[in-house]
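With mmCIF, C-alpha atoms and all ligand atoms inside, this is my_file.cif:
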```
data_data
loop_
_atom_site.label_atom_id
_atom_site.label_comp_id
_atom_site.auth_asym_id
_atom_site.auth_seq_id
_atom_site.Cartn_x
_atom_site.Cartn_y
_atom_site.Cartn_z
CA PRO A 1 13.24 -16.22 -13.62
CA GLN A 2 15.44 -13.72 -11.72
CA GLU A 3 17.91 -15.06 -9.17
CA GLN A 4 17.51 -14.19 -5.52
CA ASP A 5 19.86 -11.45 -4.24
CA SER A 6 21.97 -13.81 -2.11
CA PRO A 7 21.38 -17.09 -0.28
CA GLY A 8 18.90 -16.46 2.49
CA SER A 9 17.74 -13.13 1.16
CA ALA A 10 15.20 -12.13 -1.50
CA THR A 11 13.00 -9.22 -2.56
CA ALA A 12 9.69 -9.51 -4.40
CA VAL A 13 7.13 -7.14 -5.89
CA ALA A 14 3.40 -7.82 -6.20
CA HIS A 15 0.37 -5.79 -7.25
CA PRO A 16 -3.12 -5.89 -5.78
CA ASN A 17 -5.99 -7.46 -7.66
CA ILE A 18 -9.65 -6.53 -7.78
CA ALA A 19 -12.16 -9.36 -7.97
CA LEU A 20 -14.80 -9.25 -10.70
CA ILE A 21 -16.29 -12.45 -9.24
CA LYS A 22 -15.86 -12.07 -5.51
CA TYR A 23 -14.36 -14.29 -2.86
CA TRP A 24 -16.61 -13.94 0.16
CA GLY A 25 -16.74 -16.76 2.69
CA LYS A 26 -14.47 -19.60 3.76
CA ARG A 27 -15.26 -23.26 4.15
CA ASP A 28 -12.02 -23.81 6.09
CA GLU A 29 -10.48 -20.96 8.07
CA ARG A 30 -7.17 -22.63 8.87
CA LEU A 31 -6.32 -23.60 5.30
CA ILE A 32 -8.12 -20.54 3.86
CA LEU A 33 -10.32 -22.54 1.53
CA PRO A 34 -13.12 -20.46 -0.01
CA VAL A 35 -16.73 -21.48 -0.52
CA THR A 36 -16.70 -20.28 -4.14
CA ASP A 37 -14.31 -19.77 -7.04
CA SER A 38 -13.37 -16.14 -7.70
CA LEU A 39 -11.87 -14.20 -10.62
CA SER A 40 -9.90 -10.98 -10.64
CA MET A 41 -7.83 -8.48 -12.56
CA THR A 42 -4.34 -7.74 -11.23
CA LEU A 43 -3.63 -4.01 -11.32
CA ASP A 44 -0.67 -1.94 -12.53
CA VAL A 45 -0.86 0.42 -9.52
CA PHE A 46 -0.12 0.20 -5.78
CA PRO A 47 2.71 -2.37 -5.76
CA THR A 48 3.99 -3.89 -2.53
CA THR A 49 7.74 -4.53 -2.26
CA THR A 50 8.86 -7.02 0.38
CA SER A 51 12.31 -8.23 1.30
CA VAL A 52 13.02 -11.23 3.50
CA ARG A 53 16.44 -11.85 5.00
CA LEU A 54 17.26 -14.83 7.20
CA ALA A 55 19.00 -13.95 10.45
CA ALA A 56 21.13 -16.04 12.77
CA GLY A 57 20.28 -16.53 16.40
CA ALA A 58 17.12 -17.17 18.33
CA GLY A 59 14.29 -14.73 18.78
CA PRO A 60 11.19 -13.54 17.03
CA ASP A 61 10.92 -12.44 13.42
CA GLU A 62 11.46 -8.72 12.88
CA VAL A 63 8.75 -7.32 10.65
CA THR A 64 8.68 -3.74 9.40
CA LEU A 65 5.60 -2.42 7.60
CA ASN A 66 6.14 0.91 5.85
CA GLY A 67 9.10 1.67 8.09
CA ARG A 68 7.42 0.80 11.41
CA PRO A 69 7.43 -2.43 13.40
CA ALA A 70 4.32 -4.46 12.47
CA GLU A 71 2.06 -4.75 15.48
CA GLY A 72 -0.89 -6.80 16.63
CA GLU A 73 -2.83 -8.89 14.15
CA ALA A 74 -0.76 -7.82 11.12
CA GLY A 75 2.47 -8.96 12.81
CA ARG A 76 0.91 -12.23 14.00
CA ARG A 77 -0.37 -13.09 10.53
CA ILE A 78 3.05 -12.50 8.99
CA THR A 79 4.83 -14.61 11.63
CA ALA A 80 2.29 -17.41 11.24
CA PHE A 81 2.89 -17.31 7.49
CA LEU A 82 6.68 -17.46 7.97
CA ASP A 83 6.18 -20.45 10.31
CA LEU A 84 4.38 -22.21 7.48
CA VAL A 85 7.22 -21.44 5.04
CA ARG A 86 9.81 -22.65 7.58
CA GLN A 87 7.87 -25.84 8.17
CA SER A 88 7.63 -26.52 4.41
CA ALA A 89 11.34 -25.80 3.92
CA GLY A 90 12.47 -27.72 7.02
CA ARG A 91 14.28 -24.61 8.24
CA THR A 92 14.30 -22.78 11.55
CA GLU A 93 16.04 -19.44 11.00
CA ARG A 94 14.15 -16.34 11.99
CA ALA A 95 13.51 -13.67 9.37
CA VAL A 96 13.90 -9.93 9.03
CA VAL A 97 11.06 -8.70 6.82
CA ASP A 98 10.71 -5.25 5.36
CA THR A 99 7.52 -4.52 3.44
CA ARG A 100 6.44 -1.34 1.69
CA ASN A 101 2.87 -0.86 0.56
CA THR A 102 1.96 1.99 -1.72
CA VAL A 103 -1.72 1.43 -1.05
CA PRO A 104 -3.56 2.38 2.15
CA THR A 105 -3.55 -0.74 4.38
CA GLY A 106 -6.88 -2.27 5.38
CA ALA A 107 -9.02 0.12 3.35
CA GLY A 108 -10.59 -2.41 1.01
CA LEU A 109 -7.93 -1.74 -1.61
CA ALA A 110 -6.46 -5.23 -1.58
CA SER A 111 -3.31 -4.47 0.45
CA SER A 112 -3.38 -8.02 1.86
CA ALA A 113 -3.44 -9.47 -1.67
CA SER A 114 -0.30 -7.67 -2.84
CA GLY A 115 1.24 -8.03 0.63
CA PHE A 116 0.99 -11.80 0.97
CA ALA A 117 1.76 -12.42 -2.71
CA ALA A 118 5.03 -10.47 -2.35
CA LEU A 119 5.78 -12.16 0.98
CA ALA A 120 5.15 -15.64 -0.45
CA VAL A 121 7.54 -15.08 -3.36
CA ALA A 122 10.26 -13.45 -1.24
CA ALA A 123 10.00 -15.86 1.72
CA ALA A 124 9.96 -18.97 -0.50
CA ALA A 125 13.15 -17.79 -2.22
CA ALA A 126 14.86 -16.74 1.01
CA TYR A 127 14.16 -20.13 2.64
CA GLY A 128 15.22 -22.02 -0.47
CA LEU A 129 11.81 -23.43 -1.45
CA ASP A 130 11.75 -24.09 -5.17
CA LEU A 131 8.07 -23.52 -6.06
CA ASP A 132 6.37 -22.92 -9.39
CA ALA A 133 3.71 -20.24 -9.81
CA THR A 134 0.87 -22.66 -8.93
CA ALA A 135 2.58 -23.72 -5.71
CA LEU A 136 3.37 -20.08 -4.85
CA SER A 137 -0.29 -19.22 -5.42
CA ARG A 138 -1.34 -22.00 -3.02
CA LEU A 139 1.20 -20.74 -0.49
CA ALA A 140 0.09 -17.08 -0.81
CA ARG A 141 -3.50 -18.26 -0.22
CA ARG A 142 -2.51 -19.34 3.29
CA GLY A 143 -1.58 -15.73 4.09
CA SER A 144 -4.69 -14.14 2.58
CA GLY A 145 -7.12 -15.79 0.19
CA SER A 146 -7.12 -13.02 -2.40
CA ALA A 147 -3.29 -13.08 -2.50
CA SER A 148 -3.44 -16.38 -4.41
CA ARG A 149 -4.68 -14.39 -7.45
CA SER A 150 -1.91 -11.74 -7.36
CA LEU A 151 0.69 -14.33 -8.37
CA PHE A 152 -0.61 -13.85 -11.91
CA GLY A 153 -0.86 -10.80 -14.13
CA GLY A 154 -4.03 -9.77 -15.93
CA PHE A 155 -7.08 -11.94 -15.24
CA ALA A 156 -6.85 -14.87 -12.85
CA VAL A 157 -9.29 -17.42 -11.44
CA TRP A 158 -8.86 -18.90 -7.97
CA HIS A 159 -10.29 -22.41 -7.74
CA ALA A 160 -12.11 -23.21 -4.52
CA GLY A 161 -10.84 -26.79 -4.85
CA PRO A 162 -12.57 -30.10 -4.09
CA GLU A 163 -15.21 -30.00 -1.35
CA HIS A 164 -14.69 -33.61 -0.34
CA GLY A 165 -11.52 -35.48 0.42
CA THR A 166 -8.56 -34.94 2.69
CA ASP A 167 -7.10 -31.60 3.76
CA ALA A 168 -4.16 -32.35 1.47
CA ASP A 169 -6.50 -32.79 -1.52
CA ALA A 170 -8.35 -29.59 -0.70
CA ASP A 171 -5.13 -27.64 -0.28
CA ALA A 172 -3.69 -28.99 -3.52
CA GLY A 173 -6.82 -28.08 -5.47
CA SER A 174 -7.16 -24.49 -4.29
CA TYR A 175 -4.88 -22.21 -6.32
CA ALA A 176 -5.17 -19.50 -8.95
CA GLU A 177 -4.25 -19.57 -12.62
CA PRO A 178 -4.44 -17.17 -15.56
CA VAL A 179 -7.71 -16.91 -17.47
CA PRO A 180 -7.59 -16.92 -21.26
CA THR A 181 -9.13 -13.76 -22.71
CA ALA A 182 -9.73 -12.34 -26.16
CA ALA A 183 -8.34 -8.86 -26.85
CA LEU A 184 -9.71 -6.51 -24.20
CA ASP A 185 -8.56 -3.02 -23.39
CA PRO A 186 -10.01 -2.41 -19.93
CA ALA A 187 -9.35 0.30 -17.39
CA LEU A 188 -10.33 0.32 -13.76
CA VAL A 189 -11.08 3.81 -12.47
CA ILE A 190 -10.52 3.71 -8.71
CA ALA A 191 -12.38 6.20 -6.55
CA VAL A 192 -10.86 6.27 -3.08
CA VAL A 193 -13.71 7.91 -1.20
CA ASN A 194 -12.21 7.00 2.17
CA ALA A 195 -8.70 5.64 2.72
CA GLY A 196 -9.21 4.90 6.42
CA PRO A 197 -9.11 1.36 7.83
CA LYS A 198 -12.30 -0.65 7.57
CA PRO A 199 -14.60 -0.85 10.62
CA VAL A 200 -14.82 -4.67 10.47
CA SER A 201 -12.01 -6.84 9.06
CA SER A 202 -12.98 -8.79 5.96
CA ARG A 203 -12.07 -11.98 7.82
CA GLU A 204 -14.63 -11.27 10.57
CA ALA A 205 -17.20 -9.93 8.10
CA MET A 206 -16.97 -13.07 5.95
CA ARG A 207 -17.36 -15.30 8.98
CA ARG A 208 -20.42 -13.41 10.16
CA THR A 209 -21.95 -13.47 6.68
CA VAL A 210 -21.48 -17.22 6.23
CA ASP A 211 -22.78 -17.95 9.73
CA THR A 212 -25.80 -15.63 9.85
CA SER A 213 -26.86 -14.25 6.47
CA PRO A 214 -29.91 -15.93 4.89
CA LEU A 215 -28.74 -14.50 1.54
CA TYR A 216 -25.33 -16.13 1.66
CA ARG A 217 -26.10 -19.54 0.13
CA PRO A 218 -28.22 -18.11 -2.73
CA TRP A 219 -25.43 -15.65 -3.59
CA ALA A 220 -22.80 -18.41 -3.53
CA ALA A 221 -24.96 -20.47 -5.90
CA SER A 222 -25.51 -17.55 -8.29
CA SER A 223 -21.81 -16.70 -8.16
CA LYS A 224 -21.08 -20.08 -9.77
CA ASP A 225 -23.26 -19.11 -12.72
CA ASP A 226 -21.66 -15.66 -12.81
CA LEU A 227 -18.23 -17.27 -13.10
CA VAL A 228 -19.28 -19.41 -16.07
CA GLU A 229 -20.72 -16.35 -17.83
CA MET A 230 -17.68 -14.25 -16.89
CA ARG A 231 -15.25 -16.73 -18.42
CA ALA A 232 -17.32 -16.76 -21.61
CA ALA A 233 -17.46 -12.94 -21.73
CA LEU A 234 -13.67 -12.69 -21.25
CA GLY A 235 -13.15 -15.37 -23.87
CA ARG A 236 -15.07 -13.40 -26.48
CA GLY A 237 -13.65 -10.03 -25.38
CA ASP A 238 -17.04 -8.62 -24.41
CA LEU A 239 -16.18 -5.91 -21.90
CA THR A 240 -19.80 -4.80 -21.51
CA ALA A 241 -20.83 -8.29 -20.39
CA VAL A 242 -17.76 -8.49 -18.13
CA GLY A 243 -18.86 -5.25 -16.45
CA GLU A 244 -22.49 -6.30 -16.10
CA ILE A 245 -21.58 -9.61 -14.49
CA ALA A 246 -18.98 -8.01 -12.20
CA GLU A 247 -21.39 -5.35 -10.98
CA ARG A 248 -24.20 -7.76 -10.17
CA ASN A 249 -21.82 -10.16 -8.45
CA ALA A 250 -20.44 -7.36 -6.23
CA LEU A 251 -23.85 -5.93 -5.36
CA GLY A 252 -25.01 -9.44 -4.49
CA MET A 253 -22.01 -9.90 -2.19
CA HIS A 254 -22.84 -6.64 -0.41
CA ALA A 255 -26.46 -7.78 -0.11
CA THR A 256 -25.29 -10.90 1.74
CA MET A 257 -23.45 -8.70 4.24
CA LEU A 258 -26.36 -6.31 4.68
CA ALA A 259 -28.49 -9.33 5.59
CA ALA A 260 -25.94 -10.62 8.15
CA ARG A 261 -26.79 -10.36 11.83
CA PRO A 262 -25.62 -7.84 12.85
CA ALA A 263 -25.32 -6.26 9.39
CA VAL A 264 -21.95 -5.45 7.87
CA ARG A 265 -22.21 -2.31 5.78
CA TYR A 266 -19.09 -1.09 4.00
CA LEU A 267 -20.87 1.15 1.51
CA SER A 268 -21.13 4.84 2.42
CA PRO A 269 -23.16 7.78 1.04
CA ALA A 270 -20.17 8.67 -1.19
CA THR A 271 -20.21 5.11 -2.56
CA VAL A 272 -23.84 5.48 -3.56
CA THR A 273 -23.19 8.91 -5.11
CA VAL A 274 -20.52 7.34 -7.32
CA LEU A 275 -22.83 4.43 -8.19
CA ASP A 276 -25.48 6.92 -9.34
CA ARG A 277 -22.92 8.62 -11.57
CA VAL A 278 -21.85 5.31 -13.06
CA LEU A 279 -25.49 4.66 -13.96
CA GLN A 280 -25.68 8.08 -15.64
CA LEU A 281 -22.55 7.26 -17.63
CA ARG A 282 -24.23 4.09 -18.87
CA GLN A 283 -27.32 6.05 -19.84
CA ALA A 284 -24.96 8.28 -21.84
CA GLY A 285 -23.68 5.21 -23.69
CA ILE A 286 -20.45 4.45 -21.81
CA ALA A 287 -19.92 0.83 -20.72
CA ALA A 288 -18.97 1.69 -17.12
CA TYR A 289 -19.70 -0.80 -14.33
CA ALA A 290 -18.86 -0.62 -10.64
CA THR A 291 -17.47 -3.05 -8.12
CA MET A 292 -16.84 -2.57 -4.38
CA ASP A 293 -14.90 -4.64 -1.88
CA ALA A 294 -14.64 -4.61 1.91
CA GLY A 295 -14.78 -0.81 2.05
CA PRO A 296 -16.59 2.21 0.60
CA ASN A 297 -14.23 2.70 -2.35
CA VAL A 298 -15.56 2.17 -5.87
CA LYS A 299 -13.71 0.64 -8.81
CA VAL A 300 -15.27 1.36 -12.19
CA LEU A 301 -14.52 -1.01 -15.05
CA CYS A 302 -14.71 0.61 -18.49
CA PRO A 303 -13.00 0.61 -21.89
CA ARG A 304 -9.61 2.28 -21.61
CA ALA A 305 -10.64 4.78 -24.29
CA ASP A 306 -13.35 6.06 -21.91
CA ALA A 307 -11.27 6.05 -18.72
CA GLN A 308 -10.56 9.79 -18.60
CA ARG A 309 -14.19 10.66 -19.14
CA VAL A 310 -15.23 8.20 -16.42
CA ALA A 311 -12.55 9.53 -14.04
CA ASP A 312 -13.70 13.13 -14.61
CA ALA A 313 -17.33 12.18 -13.98
CA VAL A 314 -16.43 10.33 -10.77
CA ARG A 315 -14.31 13.27 -9.53
CA ASP A 316 -17.19 15.60 -10.24
CA ALA A 317 -19.62 13.35 -8.35
CA ALA A 318 -17.35 12.83 -5.33
CA PRO A 319 -15.04 15.86 -5.10
CA ASP A 320 -13.48 14.69 -1.82
CA SER A 321 -12.30 11.42 -3.32
CA THR A 322 -8.96 10.56 -4.90
CA VAL A 323 -9.47 9.12 -8.36
CA LEU A 324 -6.91 7.24 -10.39
CA VAL A 325 -6.92 5.10 -13.51
CA ALA A 326 -5.45 1.59 -13.36
CA GLY A 327 -5.01 -1.08 -16.00
CA PRO A 328 -4.10 -4.77 -16.00
CA GLY A 329 -0.77 -5.31 -14.26
CA PRO A 330 1.90 -8.00 -13.85
CA GLY A 331 2.04 -11.01 -11.57
CA ALA A 332 4.21 -11.24 -8.45
CA ARG A 333 7.91 -11.76 -9.11
CA LEU A 334 11.36 -11.60 -7.59
CA SER A 335 13.09 -8.28 -7.99
CA ASP A 336 16.73 -7.28 -7.67
CA GLU A 337 15.88 -4.06 -5.79
C1 LIG B 401 -12.05 -10.49 -3.08
N1 LIG B 401 -12.26 -9.58 -0.79
O1 LIG B 401 -12.39 -11.45 -3.80
C2 LIG B 401 -12.92 -10.20 -1.87
C3 LIG B 401 -14.07 -9.31 -2.21
C4 LIG B 401 -12.96 -8.41 -0.31
C5 LIG B 401 -14.24 -8.40 -1.03
O2 LIG B 401 -10.67 -11.08 -0.69
O3 LIG B 401 -9.37 -13.66 5.26
O4 LIG B 401 -8.11 -10.20 2.62
O5 LIG B 401 -7.20 -12.88 4.30
O6 LIG B 401 -8.54 -14.63 3.12
O7 LIG B 401 -8.47 -12.02 0.92
C6 LIG B 401 -10.73 -9.65 1.12
O8 LIG B 401 -10.42 -10.73 1.88
O9 LIG B 401 -9.37 -12.30 3.24
C7 LIG B 401 -11.21 -10.14 -0.17
P1 LIG B 401 -8.59 -13.43 4.01
P2 LIG B 401 -8.95 -11.30 2.11
O10 LIG B 401 -11.08 -9.78 -3.36
#
```
Encoding of this model in structure tokens:
Amino acid sequence: PQEQDSPGSATAVAHPNIALIKYWGKRDERLILPVTDSLSMTLDVFPTTTSVRLAAGAGPDEVTLNGRPAEGEAGRRITAFLDLVRQSAGRTERAVVDTRNTVPTGAGLASSASGFAALAVAAAAAYGLDLDATALSRLARRGSGSASRSLFGGFAVWHAGPEHGTDADADAGSYAEPVPTAALDPALVIAVVNAGPKPVSSREAMRRTVDTSPLYRPWAASSKDDLVEMRAALGRGDLTAVGEIAERNALGMHATMLAARPAVRYLSPATVTVLDRVLQLRQAGIAAYATMDAGPNVKVLCPRADAQRVADAVRDAAPDSTVLVAGPGPGARLSDE
């Protein structure tokens, strides 16, 4: 509900989200339409702050990422996204974009989710597009699929949208929305075992998995069932079931990649060490469950009351990692920074 700073200029903040039911695979690369629905928790750590200011005169957009000019693929994706916003708004001004990530970029820690969610909110306001949260979610999706979910705080589901029909129907049907939950007090213990950039982009890895992995279709089918069970578990506030479903869905996703040709393997020895410790925690009666994205880092879902004990155990298992405790965080919004 905040007002933008001035006409043609706006700043937005967004947080990353971690999927408990994963998005892995597109059915349309241009529109970023996923094969399956996915469901995530938005975090209260690692915000991205992005400002967009319209500038007079011809020339390319100026994009700064953590104080340095954005180069290569990152710069191209941001410009392509701004082109889409300009086209929707019927405007032509170029933009000066300044974005600050507090999370390592490209390390499987959802920097593109917070990044494109913040950019969608700031750019829409700067170019005078009056969009509600659903429309902003759809727009953010065009930057990076997972960004559609960071429009919302807490738990959000991203609908794949209708498989048949026109592009316009598919686009309209593919957005995120909040998921109703009973009282839950979850924490996500994040073990950053390696903050370096990933060896294969998730975009390329998804494409290769869909095109070559014999395990892809079975996982996509089972993910539909996982989503139904996950919604039910959230609805009754059953964090143990939420964790169980999330862990099996993530391991299944990694199995699809391991079966791709050539294989995509994001998990490292440190990942497996942490997974072993999570299993030991469960044997000791703690409802701790792991999920991993396009990188070796492990996120452990557990009751908030157990988060310190889980964090200590993970630090002990992987002494070279950085471990922090996150909770559910807010959706993307304009800021007066
Ligand atoms: C997710 N991931 O659901 C999944 C799980 C990584 C593993 O979304 O090509 O950066 O920009 O739509 O959203 C990472 O992929 O991919 C991702 P694009 P994105 O969070």
Give me, as a PDB file with C-alpha atoms, in the coordinates of the input, all polymer residues having an atom no more than 8 Å from segment 74-87 of chain A, counting only C-alpha atoms and skipping those fewer than 3 positions away in the same chain.
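Below is the file that was written, result09.pdb:
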```pdb
ATOM      1  CA  ASP A  61      10.920 -12.440  13.420  1.00  0.00           C
ATOM      2  CA  VAL A  63       8.750  -7.320  10.650  1.00  0.00           C
ATOM      3  CA  ALA A  70       4.320  -4.460  12.470  1.00  0.00           C
ATOM      4  CA  GLU A  71       2.060  -4.750  15.480  1.00  0.00           C
ATOM      5  CA  GLY A  90      12.470 -27.720   7.020  1.00  0.00           C
ATOM      6  CA  ARG A  91      14.280 -24.610   8.240  1.00  0.00           C
ATOM      7  CA  THR A  92      14.300 -22.780  11.550  1.00  0.00           C
ATOM      8  CA  GLU A  93      16.040 -19.440  11.000  1.00  0.00           C
ATOM      9  CA  ALA A  95      13.510 -13.670   9.370  1.00  0.00           C
ATOM     10  CA  ALA A 123      10.000 -15.860   1.720  1.00  0.00           C
ATOM     11  CA  ALA A 124       9.960 -18.970  -0.500  1.00  0.00           C
ATOM     12  CA  TYR A 127      14.160 -20.130   2.640  1.00  0.00           C
ATOM     13  CA  ARG A 142      -2.510 -19.340   3.290  1.00  0.00           C
ATOM     14  CA  GLY A 143      -1.580 -15.730   4.090  1.00  0.00           C
TER      15      GLY A 143
END
```
Could you work out an axis-aligned bounding box for all listed atoms of ligand LIG 401 (chain B), with 6 Å added on each of the six sides, and give its centre and edge lengths in Å to one decimal, as lines of an AutoDock Vina configuration file?
```
center_x = -10.7
center_y = -11.5
center_z = 0.7
size_x = 19.0
size_y = 18.2
size_z = 21.1
```
Please report the interatomic distance between atom CA of Glu244 of chain A and atom CA of Met230 of chain A in Å with one decimal.
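Pair atom CA of Glu244 of chain A / atom CA of Met230 of chain A returns 9.3 Å.
Note that atom CA of Val200 of chain A and atom CA of Ala317 of chain A are 26.5 Å apart.
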Point out the residue among A:Ala259, A:Val45, A:Leu227, A:Leu334 with the least atom-to-atom distance to Val13 of chain A, counting only C-alpha atoms.
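Between A:Ala259, A:Val45, A:Leu227, A:Leu334, the residue approaching Val13 of chain A most closely is A:Leu334.
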Around ligand LIG 401 (chain B), which protein and nucleic acid residues have at least one atom no more than 6 Å from it, if we count all atoms listed in the file? List them as a short mmCIF file (atom, residue, chain, number, x, y, z; two decimals) with C-alpha atoms, keeping the file's coordinate frame.
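Written output follows (part_30.cif):
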```cif
data_model
loop_
_atom_site.label_atom_id
_atom_site.label_comp_id
_atom_site.auth_asym_id
_atom_site.auth_seq_id
_atom_site.Cartn_x
_atom_site.Cartn_y
_atom_site.Cartn_z
CA ILE A 18 -9.65 -6.53 -7.78
CA ALA A 19 -12.16 -9.36 -7.97
CA LYS A 22 -15.86 -12.07 -5.51
CA TYR A 23 -14.36 -14.29 -2.86
CA TRP A 24 -16.61 -13.94 0.16
CA ILE A 32 -8.12 -20.54 3.86
CA SER A 112 -3.38 -8.02 1.86
CA SER A 144 -4.69 -14.14 2.58
CA GLY A 145 -7.12 -15.79 0.19
CA SER A 146 -7.12 -13.02 -2.40
CA SER A 202 -12.98 -8.79 5.96
CA ARG A 203 -12.07 -11.98 7.82
CA ASP A 293 -14.90 -4.64 -1.88
CA ALA A 294 -14.64 -4.61 1.91
#
```
Shortest interatomic distance to Ala170 of chain A - which of A:Ala305, A:Met257, A:Leu31, A:Ala12, counting all atoms listed in the file
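Selected residue with least distance to Ala170 of chain A: A:Leu31.
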Dump as a Markdown table the rows for residues of segment 202-293 of chain A within 9 Å of segment 178-197 of chain A: closest atom pair and distance in Å with one decimal, all atoms listed in the file counted, ordered by chain and rising residue number.
```
| residue | atom | partner | partner_atom | distance |
| --- | --- | --- | --- | --- |
| A:Arg231 | CA | A:Val179 | CA | 7.6 |
| A:Ala232 | CA | A:Thr181 | CA | 8.8 |
| A:Ala233 | CA | A:Thr181 | CA | 8.4 |
| A:Leu234 | CA | A:Thr181 | CA | 4.9 |
| A:Gly235 | CA | A:Thr181 | CA | 4.5 |
| A:Arg236 | CA | A:Ala182 | CA | 5.5 |
| A:Gly237 | CA | A:Ala182 | CA | 4.6 |
| A:Asp238 | CA | A:Leu184 | CA | 7.6 |
| A:Leu239 | CA | A:Leu184 | CA | 6.9 |
| A:Ser268 | CA | A:Val193 | CA | 8.8 |
| A:Ala270 | CA | A:Val193 | CA | 6.5 |
| A:Thr271 | CA | A:Val193 | CA | 7.2 |
| A:Val274 | CA | A:Ala191 | CA | 8.3 |
```
Grab segment 20-33 of chain A from that structure and dump N, CA and C atoms to a file, as a PDB file, in the first residue's frame.
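Here's the written file decode-v3.pdb:
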```
ATOM      1  N   LEU A  20       9.161 -26.349  -0.973  1.00  0.00           N
ATOM      2  CA  LEU A  20       8.950 -27.625  -0.264  1.00  0.00           C
ATOM      3  C   LEU A  20       8.402 -28.655  -1.254  1.00  0.00           C
ATOM      4  N   ILE A  21       7.704 -28.165  -2.274  1.00  0.00           N
ATOM      5  CA  ILE A  21       7.362 -28.964  -3.459  1.00  0.00           C
ATOM      6  C   ILE A  21       8.036 -28.213  -4.608  1.00  0.00           C
ATOM      7  N   LYS A  22       8.962 -28.882  -5.270  1.00  0.00           N
ATOM      8  CA  LYS A  22       9.876 -28.177  -6.170  1.00  0.00           C
ATOM      9  C   LYS A  22       9.288 -27.873  -7.537  1.00  0.00           C
ATOM     10  N   TYR A  23       9.777 -26.773  -8.079  1.00  0.00           N
ATOM     11  CA  TYR A  23       9.596 -26.437  -9.498  1.00  0.00           C
ATOM     12  C   TYR A  23      10.834 -26.965 -10.209  1.00  0.00           C
ATOM     13  N   TRP A  24      10.656 -27.905 -11.088  1.00  0.00           N
ATOM     14  CA  TRP A  24      11.821 -28.381 -11.852  1.00  0.00           C
ATOM     15  C   TRP A  24      11.331 -28.797 -13.235  1.00  0.00           C
ATOM     16  N   GLY A  25      11.485 -27.942 -14.202  1.00  0.00           N
ATOM     17  CA  GLY A  25      11.092 -28.271 -15.575  1.00  0.00           C
ATOM     18  C   GLY A  25      10.037 -27.312 -16.094  1.00  0.00           C
ATOM     19  N   LYS A  26      10.280 -26.836 -17.322  1.00  0.00           N
ATOM     20  CA  LYS A  26       9.333 -25.911 -17.962  1.00  0.00           C
ATOM     21  C   LYS A  26       8.611 -26.621 -19.098  1.00  0.00           C
ATOM     22  N   ARG A  27       7.367 -26.214 -19.327  1.00  0.00           N
ATOM     23  CA  ARG A  27       6.690 -26.665 -20.536  1.00  0.00           C
ATOM     24  C   ARG A  27       6.722 -25.581 -21.608  1.00  0.00           C
ATOM     25  N   ASP A  28       7.057 -24.350 -21.204  1.00  0.00           N
ATOM     26  CA  ASP A  28       7.221 -23.252 -22.157  1.00  0.00           C
ATOM     27  C   ASP A  28       8.333 -22.348 -21.630  1.00  0.00           C
ATOM     28  N   GLU A  29       9.422 -22.284 -22.371  1.00  0.00           N
ATOM     29  CA  GLU A  29      10.595 -21.529 -21.906  1.00  0.00           C
ATOM     30  C   GLU A  29      10.391 -20.022 -22.028  1.00  0.00           C
ATOM     31  N   ARG A  30       9.687 -19.600 -23.075  1.00  0.00           N
ATOM     32  CA  ARG A  30       9.540 -18.160 -23.291  1.00  0.00           C
ATOM     33  C   ARG A  30       8.640 -17.545 -22.224  1.00  0.00           C
ATOM     34  N   LEU A  31       7.526 -18.190 -21.964  1.00  0.00           N
ATOM     35  CA  LEU A  31       6.581 -17.654 -20.969  1.00  0.00           C
ATOM     36  C   LEU A  31       6.920 -18.108 -19.549  1.00  0.00           C
ATOM     37  N   ILE A  32       7.927 -18.963 -19.405  1.00  0.00           N
ATOM     38  CA  ILE A  32       8.267 -19.582 -18.120  1.00  0.00           C
ATOM     39  C   ILE A  32       7.009 -20.198 -17.485  1.00  0.00           C
ATOM     40  N   LEU A  33       6.525 -21.219 -18.170  1.00  0.00           N
ATOM     41  CA  LEU A  33       5.402 -22.000 -17.645  1.00  0.00           C
ATOM     42  C   LEU A  33       5.967 -23.332 -17.177  1.00  0.00           C
TER      43      LEU A  33
END
```
